[in-house]
Every structure is written in C-alpha cells, then in structure tokens.
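Okay, upload_29.pdb is below, PDB, C-alpha atoms and all ligand atoms:
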```pdb
ATOM      1  CA  MET A1396       7.757   7.774   7.393
ATOM      2  CA  LEU A1397       4.408   6.557   8.692
ATOM      3  CA  VAL A1398       2.599   7.952  11.741
ATOM      4  CA  ILE A1399       0.165   5.940  13.818
ATOM      5  CA  ALA A1400      -2.188   6.816  16.675
ATOM      6  CA  SER A1401      -5.279   5.518  18.429
ATOM      7  CA  ASP A1402      -7.651   6.374  21.237
ATOM      8  CA  HIS A1403      -8.291   3.976  24.127
ATOM      9  CA  GLY A1404     -10.786   1.997  22.004
ATOM     10  CA  GLY A1405      -8.091   1.319  19.415
ATOM     11  CA  TYR A1406      -5.119   0.944  21.724
ATOM     12  CA  ASP A1407      -4.907  -2.872  21.729
ATOM     13  CA  LEU A1408      -5.210  -3.105  17.961
ATOM     14  CA  LYS A1409      -2.596  -0.351  17.588
ATOM     15  CA  CYS A1410      -0.143  -2.458  19.625
ATOM     16  CA  ALA A1411      -0.749  -5.406  17.288
ATOM     17  CA  ILE A1412      -0.282  -3.194  14.216
ATOM     18  CA  ILE A1413       2.977  -1.813  15.586
ATOM     19  CA  GLU A1414       4.252  -5.385  15.846
ATOM     20  CA  THR A1415       3.578  -5.781  12.120
ATOM     21  CA  LEU A1416       5.270  -2.464  11.305
ATOM     22  CA  ARG A1417       8.329  -3.540  13.314
ATOM     23  CA  GLN A1418       8.485  -6.946  11.616
ATOM     24  CA  ARG A1419       8.323  -5.245   8.232
ATOM     25  CA  ARG A1420      10.921  -2.673   9.280
ATOM     26  CA  VAL A1421       8.572   0.186   8.404
ATOM     27  CA  ASP A1422       9.846   3.563   9.605
ATOM     28  CA  TYR A1423       7.045   4.752  11.915
ATOM     29  CA  GLN A1424       6.285   7.096  14.765
ATOM     30  CA  ASP A1425       3.694   6.278  17.433
ATOM     31  CA  LEU A1426       1.844   9.471  18.386
ATOM     32  CA  GLY A1427      -0.205   7.899  21.222
ATOM     33  CA  THR A1428      -2.339   7.190  23.107
ATOM     34  CA  ASP A1429      -0.160   5.147  25.417
ATOM     35  CA  ASP A1430      -2.659   3.201  27.526
ATOM     36  CA  LEU A1431      -6.336   2.334  27.963
ATOM     37  CA  GLU A1432      -7.309   5.518  29.799
ATOM     38  CA  SER A1433     -10.194   7.329  28.109
ATOM     39  CA  VAL A1434      -9.128  10.068  25.671
ATOM     40  CA  ASP A1435     -10.813  12.030  22.861
ATOM     41  CA  TYR A1436     -10.230  10.582  19.394
ATOM     42  CA  PRO A1437     -10.144  13.982  17.548
ATOM     43  CA  ASP A1438      -6.955  14.895  19.462
ATOM     44  CA  PHE A1439      -5.181  11.861  18.041
ATOM     45  CA  ALA A1440      -6.694  12.165  14.563
ATOM     46  CA  GLU A1441      -5.300  15.708  14.509
ATOM     47  CA  LYS A1442      -1.778  14.566  15.442
ATOM     48  CA  VAL A1443      -1.642  12.097  12.544
ATOM     49  CA  ALA A1444      -3.671  13.976   9.918
ATOM     50  CA  SER A1445      -1.849  17.277  10.396
ATOM     51  CA  ARG A1446       1.538  15.575   9.888
ATOM     52  CA  VAL A1447       0.359  13.829   6.714
ATOM     53  CA  SER A1448      -1.430  16.941   5.464
ATOM     54  CA  LYS A1449       1.759  19.039   5.843
ATOM     55  CA  GLY A1450       3.870  16.375   4.122
ATOM     56  CA  GLU A1451       5.821  15.663   7.323
ATOM     57  CA  ALA A1452       4.765  12.004   7.084
ATOM     58  CA  GLU A1453       3.989   9.968   3.970
ATOM     59  CA  ALA A1454       1.037   8.117   5.434
ATOM     60  CA  GLY A1455      -0.844   7.406   8.625
ATOM     61  CA  ILE A1456      -2.841   4.805  10.496
ATOM     62  CA  LEU A1457      -5.635   5.738  12.916
ATOM     63  CA  ILE A1458      -7.629   3.419  15.146
ATOM     64  CA  CYS A1459     -10.550   4.099  17.470
ATOM     65  CA  GLY A1460     -13.343   1.805  18.661
ATOM     66  CA  THR A1461     -15.271   1.763  15.402
ATOM     67  CA  GLY A1462     -12.924   3.775  13.178
ATOM     68  CA  ILE A1463     -15.783   6.173  12.479
ATOM     69  CA  GLY A1464     -14.741   9.090  14.687
ATOM     70  CA  MET A1465     -11.135   8.911  13.476
ATOM     71  CA  SER A1466     -12.159   8.926   9.814
ATOM     72  CA  ILE A1467     -14.594  11.821  10.246
ATOM     73  CA  SER A1468     -11.919  13.850  12.054
ATOM     74  CA  ALA A1469      -8.996  13.029   9.752
ATOM     75  CA  ASN A1470     -10.962  13.872   6.614
ATOM     76  CA  LYS A1471     -11.330  17.489   7.822
ATOM     77  CA  PHE A1472      -7.654  18.055   6.949
ATOM     78  CA  SER A1473      -6.591  19.301   3.568
ATOM     79  CA  GLY A1474      -5.285  16.610   1.235
ATOM     80  CA  ILE A1475      -6.291  13.788   3.559
ATOM     81  CA  ARG A1476      -7.962  10.727   2.127
ATOM     82  CA  ALA A1477      -8.689   8.664   5.231
ATOM     83  CA  ALA A1478     -10.354   5.335   4.478
ATOM     84  CA  LEU A1479     -12.151   3.225   7.063
ATOM     85  CA  VAL A1480     -11.616  -0.403   6.104
ATOM     86  CA  HIS A1481     -13.225  -3.571   7.401
ATOM     87  CA  ASP A1482     -11.938  -6.408   5.257
ATOM     88  CA  GLU A1483      -9.312  -7.412   2.692
ATOM     89  CA  PHE A1484     -11.281  -6.000  -0.234
ATOM     90  CA  THR A1485     -11.786  -2.529   1.254
ATOM     91  CA  ALA A1486      -8.121  -2.391   2.383
ATOM     92  CA  GLN A1487      -6.972  -3.153  -1.169
ATOM     93  CA  MET A1488      -9.418  -0.721  -2.787
ATOM     94  CA  ALA A1489      -8.459   2.001  -0.312
ATOM     95  CA  ARG A1490      -5.016   2.009  -1.955
ATOM     96  CA  GLU A1491      -5.748   0.926  -5.534
ATOM     97  CA  HIS A1492      -8.730   3.211  -6.194
ATOM     98  CA  ASN A1493      -8.719   5.884  -3.468
ATOM     99  CA  ASN A1494      -4.979   6.192  -2.835
ATOM    100  CA  ALA A1495      -5.863   6.585   0.841
ATOM    101  CA  ASN A1496      -3.042   8.293   2.701
ATOM    102  CA  ILE A1497      -4.524   7.345   6.073
ATOM    103  CA  LEU A1498      -5.812   3.863   6.872
ATOM    104  CA  VAL A1499      -8.497   3.785   9.564
ATOM    105  CA  MET A1500      -9.692   0.730  11.473
ATOM    106  CA  GLY A1501     -11.983  -0.128  14.365
ATOM    107  CA  GLY A1502     -10.311  -1.754  17.333
ATOM    108  CA  ARG A1503     -13.670  -3.036  18.550
ATOM    109  CA  VAL A1504     -14.556  -4.335  15.100
ATOM    110  CA  LEU A1505     -11.480  -6.242  13.907
ATOM    111  CA  SER A1506      -9.447  -9.034  15.451
ATOM    112  CA  PRO A1507      -5.727  -8.218  15.841
ATOM    113  CA  GLU A1508      -4.910 -10.762  13.117
ATOM    114  CA  LEU A1509      -7.357  -9.257  10.632
ATOM    115  CA  GLY A1510      -6.141  -5.734  11.427
ATOM    116  CA  GLN A1511      -2.551  -6.817  10.803
ATOM    117  CA  ARG A1512      -3.586  -8.410   7.507
ATOM    118  CA  LEU A1513      -5.394  -5.246   6.369
ATOM    119  CA  VAL A1514      -2.346  -3.083   7.100
ATOM    120  CA  THR A1515      -0.146  -5.500   5.151
ATOM    121  CA  ILE A1516      -2.522  -5.419   2.163
ATOM    122  CA  TRP A1517      -2.718  -1.603   2.218
ATOM    123  CA  LEU A1518       1.081  -1.275   2.434
ATOM    124  CA  ASP A1519       1.655  -3.777  -0.378
ATOM    125  CA  SER A1520      -1.013  -2.492  -2.780
ATOM    126  CA  GLU A1521      -0.373   0.138  -5.418
ATOM    127  CA  TYR A1522      -2.480   3.053  -6.544
ATOM    128  CA  GLU A1523      -3.836   2.387 -10.030
ATOM    129  CA  GLY A1524      -4.099   6.023 -11.164
ATOM    130  CA  GLY A1525      -5.791   6.436 -14.554
ATOM    131  CA  ARG A1526      -9.529   7.023 -14.241
ATOM    132  CA  HIS A1527      -9.193   7.144 -10.462
ATOM    133  CA  GLN A1528      -6.907  10.178 -10.634
ATOM    134  CA  ASN A1529      -9.685  12.136 -12.307
ATOM    135  CA  ARG A1530     -11.884  11.374  -9.291
ATOM    136  CA  LEU A1531      -9.209  12.307  -6.763
ATOM    137  CA  ASP A1532      -8.699  15.570  -8.667
ATOM    138  CA  LYS A1533     -12.415  16.253  -8.230
ATOM    139  CA  ILE A1534     -12.098  15.721  -4.469
ATOM    140  CA  SER A1535      -9.218  18.229  -4.428
ATOM    141  CA  ALA A1536     -11.340  20.681  -6.411
ATOM    142  CA  ILE A1537     -14.155  20.364  -3.847
ATOM    143  CA  GLU A1538     -11.615  21.059  -1.086
ATOM    144  CA  ARG A1539     -10.334  24.190  -2.858
ATOM    145  CA  GLN A1540     -13.904  25.387  -3.442
ATOM    146  CA  GLN A1541     -14.870  24.819   0.203
ATOM    147  CA  ARG A1542     -11.846  26.793   1.393
ATOM    148  CA  LYS A1543     -13.060  29.793  -0.639
ATOM    149  CA  GLU A1544     -16.624  29.688   0.756
TER     150      GLU A1544
HETATM  151  C1  LIG B1601     -14.830   5.751  22.400
HETATM  152  O1  LIG B1601     -15.636   5.149  23.364
HETATM  153  C2  LIG B1601     -15.436   5.564  21.016
HETATM  154  O2  LIG B1601     -16.512   6.408  20.851
HETATM  155  C3  LIG B1601     -14.373   5.815  19.963
HETATM  156  O3  LIG B1601     -13.326   4.925  20.136
HETATM  157  C4  LIG B1601     -14.807   5.652  18.502
HETATM  158  O4  LIG B1601     -15.432   4.431  18.301
HETATM  159  C5  LIG B1601     -15.530   6.769  17.912
HETATM  160  O5  LIG B1601     -15.895   6.792  16.733
END
```
Please rewrite the model in this file as structure tokens.
Amino acid sequence: MLVIASDHGGYDLKCAIIETLRQRRVDYQDLGTDDLESVDYPDFAEKVASRVSKGEAEAGILICGTGIGMSISANKFSGIRAALVHDEFTAQMAREHNNANILVMGGRVLSPELGQRLVTIWLDSEYEGGRHQNRLDKISAIERQQRKE
C-alpha cells in the first residue's frame, strides 16, 4: 500500500498524481490535505513518513510547493529515504540507486503531466542493489549512531 499527502502548495499536483494511481490501480491512501487552505507541511510529512517508517505502508509520495520542506521533514524518520525529484533522470535514480521509499515533488515546480510521468517512472523502476546497498547500509549506520548520541 502507498500513502500520499501534500500541503496546500502541492494539492493540485497531488490530485493529478492520484488520477495516475487510480489508472494504474495502485492501492493507495490519501492522508490529506483536502483543499487549498494553508496548512503546515511537517504535519503531512509526519502522516506519510511515520506510516512508511513503521512498515504500515510500503512507500509514500509527498508534495509541497517546492518539495523541500516535505523532504527535510520526512528524512527525520527512521528508515526513510525521501528523494526530491525534478525530472525523469532523478526519478529513475531515486529508485535504482537510492531505493527511495518516499518520492517528493514540488507542486509549484512541476507541471501535472511531468509529475505524473515522474511517479510512473519511480513506480516502474527497480532498485539495483549491489554497490548501492553498501551505501544504504552506511546511511542506516549513521541513523543508528545518531540515535545513540
Ligand atoms: C508553503 O507556502 C510552502 O512553503 C511549502 O509548500 C513548501 O514549498 C515548503 O518547502
């Protein structure tokens, strides 16, 4: 199951992405926000990242105006690899090299069509493992170390 959320700055793009998820019959849950009224992006990053971090969802999508606030917030959660992507190449690398479990986009940066394309690429790409796993293991080691300090 995939969880998705946005703030007001990402709301329109989130609606476009949900269309794509529906067309692809992806099992998803929309955790808000539900309109264009101003909200605080960390509240919505928390909803998605905590579910993915606890293993209650396989993956997540977060969208704010730039994608920056959502990625900063989501990456505070244990085991979260939230990747802010801007184009086809970064969407593909986010999966193939970083095995990103949360895709982050900027609603004020991307057109709906490009956002939909990036989600499709991320969903269809596969993690390459190998030398990249060594690097992800190092990220996990940093996380464990930070928890102790
Ligand atoms: C909200 O105006 C805006 O700051 C937010 O959507 C996001 O871009 C933050 O990083």
Find the residues near range 1409-1419 of chain A: any atom within 9 Å, counting only C-alpha atoms, skip ones fewer than 3 places away on the same chain, and give them as a ChimeraX atom specification.
-> /A:1399-1401,1405-1406,1422-1423,1425,1456-1458,1502,1507-1508,1510-1512,1514-1515
What's the 12 Å shell around range 1520-1522 of chain A, counting only C-alpha atoms, without same-chain residues fewer than 3 positions away, as JSON, numbers by chain?
-> {"A": [1483, 1484, 1485, 1486, 1487, 1488, 1489, 1490, 1491, 1492, 1493, 1494, 1495, 1496, 1513, 1514, 1515, 1516, 1517, 1525, 1526, 1527, 1528, 1531]}
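Using only C-alpha atoms, the nearest neighbour of His1481 in chain A within the list A:Cys1459, A:Val1504, A:Ala1536, A:Ala1469 is A:Val1504.
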Around all listed atoms of ligand LIG 1601 (chain B), padded 8 Å per side, what centre and edge lengths does the axis-aligned box have in Å to one decimal, as AutoDock Vina command-line options?
```
--center_x -14.9 --center_y 5.6 --center_z 20.0 --size_x 19.2 --size_y 18.4 --size_z 22.6
```
What is the distance between CA of Lys1442 in chain A and CA of Arg1476 in chain A, in Å to one decimal?
-> 15.2 Å
Report as a ChimeraX atom specification the full result of the PyMOL selection byres (((not hetatm)) within 6 of (chain B and resi 1601)) when it is applied to this structure.
-> /A:1402,1404,1459-1464
Atom-to-atom span, CA of Glu1523 in chain A and CA of Ala1478 in chain A, Å | 16.2 Å
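Distance-wise, CA of Lys1543 in chain A and CA of Asn1529 in chain A end up 21.4 Å apart.
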Neighbours of point (4.1, 7.9, 8.7) within 9 Å, using only C-alpha atoms, written as a list in words =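 Using only C-alpha atoms, the matching residues come out as Met1396, Leu1397, Val1398, Ile1399, Val1421, Asp1422, Tyr1423, Gln1424, Asp1425, Val1443, Arg1446, Val1447, Glu1451, Ala1452, Glu1453, Ala1454, Gly1455 and Ile1456 of chain A.
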Now that the selection is made, can you save its residues with C-alpha atoms as a PDB file, in the frame of the given file?
```
ATOM      1  CA  MET A1396       7.757   7.774   7.393  1.00  0.00           C
ATOM      2  CA  LEU A1397       4.408   6.557   8.692  1.00  0.00           C
ATOM      3  CA  VAL A1398       2.599   7.952  11.741  1.00  0.00           C
ATOM      4  CA  ILE A1399       0.165   5.940  13.818  1.00  0.00           C
ATOM      5  CA  VAL A1421       8.572   0.186   8.404  1.00  0.00           C
ATOM      6  CA  ASP A1422       9.846   3.563   9.605  1.00  0.00           C
ATOM      7  CA  TYR A1423       7.045   4.752  11.915  1.00  0.00           C
ATOM      8  CA  GLN A1424       6.285   7.096  14.765  1.00  0.00           C
ATOM      9  CA  ASP A1425       3.694   6.278  17.433  1.00  0.00           C
ATOM     10  CA  VAL A1443      -1.642  12.097  12.544  1.00  0.00           C
ATOM     11  CA  ARG A1446       1.538  15.575   9.888  1.00  0.00           C
ATOM     12  CA  VAL A1447       0.359  13.829   6.714  1.00  0.00           C
ATOM     13  CA  GLU A1451       5.821  15.663   7.323  1.00  0.00           C
ATOM     14  CA  ALA A1452       4.765  12.004   7.084  1.00  0.00           C
ATOM     15  CA  GLU A1453       3.989   9.968   3.970  1.00  0.00           C
ATOM     16  CA  ALA A1454       1.037   8.117   5.434  1.00  0.00           C
ATOM     17  CA  GLY A1455      -0.844   7.406   8.625  1.00  0.00           C
ATOM     18  CA  ILE A1456      -2.841   4.805  10.496  1.00  0.00           C
TER      19      ILE A1456
END
```
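For the set A:Gly1524, A:Leu1408, A:Phe1472, A:Lys1533, the residue with the smallest atom-to-atom gap to Ser1506 in chain A is A:Leu1408, counting all atoms listed in the file.
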Do a neighbour search on Ser1466 in chain A at 7 Å with all atoms listed in the file, toss out local chain neighbours closer than 6 positions, and write the hits as JSON, numbers by chain.
-> {"A": [1477, 1478, 1479, 1499]}
